[in-house]
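Source file data_25.csv; content: CSV, N, CA and C atoms.
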```
chain,number,residue,atom,x,y,z
A,231,MET,N,2.2,-27.5,9.4
A,231,MET,CA,2.7,-26.5,10.3
A,231,MET,C,2.0,-26.7,11.6
A,232,SER,N,2.7,-26.6,12.7
A,232,SER,CA,2.1,-26.9,14.0
A,232,SER,C,1.5,-25.6,14.5
A,233,TYR,N,0.5,-25.7,15.4
A,233,TYR,CA,-0.2,-24.6,15.9
A,233,TYR,C,0.7,-23.7,16.7
A,234,GLU,N,1.7,-24.4,17.4
A,234,GLU,CA,2.6,-23.7,18.3
A,234,GLU,C,3.4,-22.7,17.4
A,235,ILE,N,4.0,-23.2,16.3
A,235,ILE,CA,4.8,-22.3,15.4
A,235,ILE,C,3.9,-21.2,14.9
A,236,GLU,N,2.7,-21.5,14.4
A,236,GLU,CA,1.8,-20.5,13.9
A,236,GLU,C,1.4,-19.5,14.9
A,237,HIS,N,1.0,-20.0,16.1
A,237,HIS,CA,0.6,-19.1,17.2
A,237,HIS,C,1.8,-18.2,17.6
A,238,GLY,N,3.0,-18.8,17.8
A,238,GLY,CA,4.2,-18.0,18.2
A,238,GLY,C,4.5,-17.0,17.1
A,239,GLY,N,4.4,-17.4,15.9
A,239,GLY,CA,4.7,-16.4,14.8
A,239,GLY,C,3.7,-15.3,14.8
A,240,LEU,N,2.4,-15.6,15.0
A,240,LEU,CA,1.4,-14.5,15.0
A,240,LEU,C,1.7,-13.6,16.2
A,241,HIS,N,2.0,-14.2,17.3
A,241,HIS,CA,2.3,-13.4,18.5
A,241,HIS,C,3.5,-12.4,18.2
A,242,GLU,N,4.5,-13.0,17.5
A,242,GLU,CA,5.7,-12.1,17.2
A,242,GLU,C,5.3,-11.0,16.2
A,243,LEU,N,4.4,-11.3,15.3
A,243,LEU,CA,4.0,-10.3,14.3
A,243,LEU,C,3.2,-9.2,15.1
A,244,PHE,N,2.3,-9.6,16.0
A,244,PHE,CA,1.5,-8.6,16.7
A,244,PHE,C,2.5,-7.7,17.6
A,245,TYR,N,3.5,-8.4,18.2
A,245,TYR,CA,4.5,-7.6,19.0
A,245,TYR,C,5.2,-6.7,18.1
A,246,LEU,N,5.7,-7.1,16.9
A,246,LEU,CA,6.4,-6.2,16.0
A,246,LEU,C,5.6,-5.1,15.5
A,247,ASP,N,4.3,-5.3,15.3
A,247,ASP,CA,3.4,-4.2,14.9
A,247,ASP,C,3.3,-3.2,16.0
A,248,GLY,N,3.3,-3.6,17.3
A,248,GLY,CA,3.3,-2.6,18.4
A,248,GLY,C,4.6,-1.9,18.4
A,249,VAL,N,5.7,-2.6,18.3
A,249,VAL,CA,7.0,-1.9,18.3
A,249,VAL,C,7.1,-1.0,17.1
A,250,ALA,N,6.7,-1.4,15.9
A,250,ALA,CA,6.7,-0.5,14.7
A,250,ALA,C,5.9,0.8,15.0
A,251,ALA,N,4.8,0.7,15.6
A,251,ALA,CA,3.9,1.8,15.9
A,251,ALA,C,4.7,2.8,16.8
A,252,THR,N,5.3,2.2,17.8
A,252,THR,CA,6.1,3.0,18.8
A,252,THR,C,7.3,3.7,18.1
A,253,VAL,N,8.0,3.0,17.2
A,253,VAL,CA,9.1,3.5,16.5
A,253,VAL,C,8.7,4.6,15.6
A,254,GLU,N,7.5,4.4,14.9
A,254,GLU,CA,7.0,5.4,14.0
A,254,GLU,C,6.7,6.7,14.8
A,255,THR,N,6.1,6.6,15.9
A,255,THR,CA,5.7,7.7,16.8
A,255,THR,C,7.0,8.4,17.2
A,256,ALA,N,8.0,7.7,17.6
A,256,ALA,CA,9.3,8.2,18.0
A,256,ALA,C,9.9,9.0,16.8
A,257,LEU,N,9.9,8.5,15.6
A,257,LEU,CA,10.4,9.2,14.5
A,257,LEU,C,9.7,10.5,14.2
A,258,GLN,N,8.4,10.5,14.3
A,258,GLN,CA,7.6,11.7,14.1
A,258,GLN,C,8.0,12.7,15.2
A,259,LEU,N,8.1,12.3,16.4
A,259,LEU,CA,8.5,13.3,17.5
A,259,LEU,C,9.9,13.8,17.2
A,260,LEU,N,10.8,13.0,16.8
A,260,LEU,CA,12.2,13.4,16.5
A,260,LEU,C,12.2,14.4,15.3
A,261,GLU,N,11.4,14.1,14.3
A,261,GLU,CA,11.3,15.0,13.2
A,261,GLU,C,10.7,16.4,13.6
A,262,GLU,N,9.7,16.4,14.5
A,262,GLU,CA,9.1,17.6,15.0
A,262,GLU,C,10.2,18.4,15.8
A,263,ALA,N,10.9,17.7,16.6
A,263,ALA,CA,11.9,18.3,17.4
A,263,ALA,C,13.0,18.9,16.5
A,264,LEU,N,13.4,18.2,15.5
A,264,LEU,CA,14.4,18.7,14.5
A,264,LEU,C,13.9,19.9,13.8
A,265,VAL,N,12.7,20.0,13.4
A,265,VAL,CA,12.2,21.2,12.8
A,265,VAL,C,12.2,22.4,13.8
A,266,SER,N,11.8,22.1,15.0
A,266,SER,CA,11.8,23.1,16.1
A,266,SER,C,13.2,23.7,16.3
A,267,GLN,N,14.2,22.8,16.4
A,267,GLN,CA,15.6,23.2,16.6
A,267,GLN,C,16.1,24.0,15.3
A,268,GLN,N,15.7,23.6,14.1
A,268,GLN,CA,16.1,24.3,12.9
A,268,GLN,C,15.5,25.7,12.9
A,269,ASN,N,14.3,25.8,13.4
A,269,ASN,CA,13.7,27.1,13.5
A,269,ASN,C,14.4,28.0,14.5
A,270,LEU,N,14.8,27.4,15.7
A,270,LEU,CA,15.5,28.1,16.7
A,270,LEU,C,16.9,28.6,16.1
A,271,LEU,N,17.5,27.7,15.3
A,271,LEU,CA,18.8,28.1,14.7
A,271,LEU,C,18.6,29.3,13.8
A,272,GLN,N,17.6,29.2,13.0
A,272,GLN,CA,17.3,30.3,12.0
A,272,GLN,C,17.0,31.6,12.8
A,273,GLU,N,16.3,31.5,13.9
A,273,GLU,CA,16.0,32.7,14.7
A,273,GLU,C,17.2,33.3,15.3
A,274,SER,N,18.1,32.4,15.8
A,274,SER,CA,19.3,32.9,16.4
A,274,SER,C,20.3,33.5,15.4
A,275,VAL,N,20.3,33.0,14.2
A,275,VAL,CA,21.1,33.6,13.1
A,275,VAL,C,20.5,35.0,12.7
A,276,ALA,N,19.1,35.0,12.7
A,276,ALA,CA,18.5,36.3,12.3
A,276,ALA,C,18.6,37.3,13.4
A,277,ASP,N,18.7,36.9,14.6
A,277,ASP,CA,18.8,37.9,15.7
A,277,ASP,C,20.3,38.1,16.0
A,278,MET,N,20.8,39.2,15.5
A,278,MET,CA,22.3,39.4,15.7
A,278,MET,C,22.6,39.7,17.1
A,279,ASP,N,21.6,40.0,18.0
A,279,ASP,CA,21.9,40.2,19.4
A,279,ASP,C,22.0,38.9,20.2
A,280,SER,N,21.6,37.8,19.5
A,280,SER,CA,21.7,36.5,20.2
A,280,SER,C,23.1,36.1,20.4
A,281,ASP,N,23.4,35.5,21.5
A,281,ASP,CA,24.8,35.2,21.8
A,281,ASP,C,25.1,33.8,21.1
A,282,ALA,N,26.4,33.6,20.8
A,282,ALA,CA,26.8,32.5,20.0
A,282,ALA,C,26.4,31.1,20.7
A,283,SER,N,26.2,31.1,22.0
A,283,SER,CA,25.9,29.9,22.7
A,283,SER,C,24.5,29.4,22.2
A,284,ASP,N,23.6,30.3,21.9
A,284,ASP,CA,22.3,29.8,21.4
A,284,ASP,C,22.5,29.1,20.1
A,285,TYR,N,23.3,29.7,19.2
A,285,TYR,CA,23.6,29.1,17.9
A,285,TYR,C,24.3,27.7,18.1
A,286,ASP,N,25.3,27.6,18.9
A,286,ASP,CA,26.0,26.4,19.1
A,286,ASP,C,25.1,25.3,19.8
A,287,TYR,N,24.2,25.8,20.7
A,287,TYR,CA,23.3,24.9,21.3
A,287,TYR,C,22.3,24.3,20.3
A,288,ALA,N,21.8,25.1,19.4
A,288,ALA,CA,20.8,24.6,18.4
A,288,ALA,C,21.5,23.7,17.4
A,289,LEU,N,22.8,24.0,17.0
A,289,LEU,CA,23.5,23.1,16.1
A,289,LEU,C,23.8,21.8,16.8
A,290,GLY,N,24.1,21.8,18.1
A,290,GLY,CA,24.4,20.5,18.8
A,290,GLY,C,23.1,19.7,18.9
A,291,ASP,N,22.0,20.3,19.2
A,291,ASP,CA,20.7,19.6,19.3
A,291,ASP,C,20.3,19.0,17.9
A,292,ILE,N,20.5,19.8,16.9
A,292,ILE,CA,20.2,19.3,15.5
A,292,ILE,C,21.0,18.0,15.2
A,293,SER,N,22.3,18.1,15.5
A,293,SER,CA,23.2,16.9,15.3
A,293,SER,C,22.7,15.7,16.1
A,294,VAL,N,22.4,15.9,17.3
A,294,VAL,CA,21.9,14.8,18.2
A,294,VAL,C,20.6,14.2,17.6
A,295,LEU,N,19.7,15.1,17.2
A,295,LEU,CA,18.3,14.7,16.7
A,295,LEU,C,18.5,13.9,15.4
A,296,LYS,N,19.4,14.4,14.6
A,296,LYS,CA,19.6,13.7,13.3
A,296,LYS,C,20.1,12.3,13.5
A,297,ASP,N,21.1,12.2,14.5
A,297,ASP,CA,21.6,10.9,14.8
A,297,ASP,C,20.5,9.9,15.4
A,298,ALA,N,19.7,10.5,16.2
A,298,ALA,CA,18.6,9.7,16.8
A,298,ALA,C,17.6,9.3,15.7
A,299,ALA,N,17.3,10.2,14.8
A,299,ALA,CA,16.4,9.8,13.7
A,299,ALA,C,17.0,8.7,12.8
A,300,ASP,N,18.3,8.8,12.6
A,300,ASP,CA,18.9,7.7,11.8
A,300,ASP,C,18.8,6.4,12.5
A,301,ASP,N,19.0,6.4,13.9
A,301,ASP,CA,18.9,5.2,14.7
A,301,ASP,C,17.5,4.6,14.6
A,302,VAL,N,16.5,5.5,14.6
A,302,VAL,CA,15.1,5.1,14.5
A,302,VAL,C,14.8,4.5,13.2
A,303,ARG,N,15.3,5.1,12.1
A,303,ARG,CA,15.1,4.6,10.8
A,303,ARG,C,15.7,3.2,10.6
A,304,LEU,N,16.9,3.0,11.2
A,304,LEU,CA,17.5,1.7,11.2
A,304,LEU,C,16.7,0.7,11.9
A,305,ALA,N,16.1,1.1,13.1
A,305,ALA,CA,15.2,0.2,13.8
A,305,ALA,C,14.0,-0.2,13.0
A,306,THR,N,13.5,0.8,12.2
A,306,THR,CA,12.4,0.5,11.3
A,306,THR,C,12.7,-0.5,10.3
A,307,ARG,N,13.9,-0.4,9.7
A,307,ARG,CA,14.3,-1.4,8.7
A,307,ARG,C,14.5,-2.8,9.3
A,308,ARG,N,15.0,-2.8,10.5
A,308,ARG,CA,15.2,-4.1,11.2
A,308,ARG,C,13.8,-4.8,11.5
A,309,ILE,N,12.8,-3.9,11.8
A,309,ILE,CA,11.5,-4.5,12.1
A,309,ILE,C,10.9,-5.0,10.8
A,310,ILE,N,11.1,-4.3,9.7
A,310,ILE,CA,10.6,-4.8,8.4
A,310,ILE,C,11.2,-6.1,8.0
A,311,VAL,N,12.5,-6.3,8.2
A,311,VAL,CA,13.2,-7.5,7.9
A,311,VAL,C,12.7,-8.6,8.9
A,312,ALA,N,12.5,-8.3,10.1
A,312,ALA,CA,12.0,-9.3,11.1
A,312,ALA,C,10.6,-9.8,10.7
A,313,ARG,N,9.7,-8.8,10.3
A,313,ARG,CA,8.4,-9.2,9.9
A,313,ARG,C,8.4,-10.1,8.7
A,314,SER,N,9.2,-9.8,7.7
A,314,SER,CA,9.3,-10.6,6.5
A,314,SER,C,9.8,-12.0,6.9
A,315,SER,N,10.7,-12.1,7.8
A,315,SER,CA,11.2,-13.4,8.2
A,315,SER,C,10.1,-14.2,8.9
A,316,ILE,N,9.4,-13.6,9.8
A,316,ILE,CA,8.4,-14.3,10.5
A,316,ILE,C,7.2,-14.7,9.6
A,317,SER,N,6.9,-13.8,8.7
A,317,SER,CA,5.8,-14.1,7.7
A,317,SER,C,6.2,-15.3,6.9
A,318,ALA,N,7.4,-15.3,6.4
A,318,ALA,CA,7.9,-16.4,5.6
A,318,ALA,C,7.8,-17.7,6.4
A,319,ARG,N,8.2,-17.7,7.7
A,319,ARG,CA,8.2,-18.9,8.5
A,319,ARG,C,6.7,-19.4,8.7
A,320,ILE,N,5.8,-18.4,8.9
A,320,ILE,CA,4.4,-18.8,9.1
A,320,ILE,C,3.8,-19.4,7.8
A,321,SER,N,4.1,-18.9,6.7
A,321,SER,CA,3.5,-19.3,5.4
A,321,SER,C,3.9,-20.7,5.0
```

Would you mind giving the structure from this file in structure tokens?
Amino acid sequence: MSYEIEHGGLHELFYLDGVAATVETALQLLEEALVSQQNLLQESVADMDSDASDYDYALGDISVLKDAADDVRLATRRIIVARSSISARIS
């Protein structure tokens, strides 16, 4: 195995580790935002004086956050596959 391939592969692994950490942080933030919006939804349902727009707003946010979390999970799976491929190439 040439040094160039090994060096490039290691560089790619370090890069993917950084991307993975960023993606993990994004997922944590999305999950926190999702919990916050679910709490807002529960509060608006419990508060009968709340107008329906608060309820609709919270439902819309929850849907967007769930979609974003799914996208982040997909990115995580792609990172895992890429890491496996690079590791196999280095070995």

| request: Calculate how many Å separate CA of Ala299 in chain A from CA of Gln258 in chain A, rounding to one decimal. | output: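 Interatomic distance, CA of Ala299 in chain A to CA of Gln258 in chain A: 9.0 Å.
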
| field | Using only C-alpha atoms: which of A:Ser283, A:Ser274, A:Thr255, A:Gln267 has the shortest distance to Val302 in chain A | value |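 Closest to Val302 in chain A, using only C-alpha atoms: A:Thr255.
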
| task | Please measure the separation of CA of Asp301 in chain A and CA of Glu261 in chain A, giving the value in Å to one decimal. | result |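 Between CA of Asp301 in chain A and CA of Glu261 in chain A the gap is 12.5 Å.
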
| field | Which of A:Leu246, A:Leu264, A:Ala312, A:Leu270 sits closest to Asp291 in chain A [using only N, CA and C atoms] | value |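 Closest to Asp291 in chain A of all the choices is A:Leu264.
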
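Taking atom C of Gln272 in chain A as the reference point, atom C of Ala298 in chain A is found at 22.5 Å.
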
| said: If we count only C-alpha atoms and set the cut-off at 12 Å, which residues sit around Phe244 in chain A, ignoring sequence neighbours fewer than 3 positions away in its own chain? Please answer as a list of chain:residue names. | reply: A:His237, A:Gly238, A:Gly239, A:Leu240, A:His241, A:Asp247, A:Gly248, A:Val249, A:Ala250, A:Ala251, A:Ile309, A:Ala312, A:Arg313, A:Ile316, A:Ser317

| field | Option closest in space to Asp284 in chain A, from A:Leu271, A:Leu304, A:Ile310, A:Ala256 [counting all atoms listed in the file] | value |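 Using all atoms listed in the file, Asp284 in chain A sits closest to A:Leu271.
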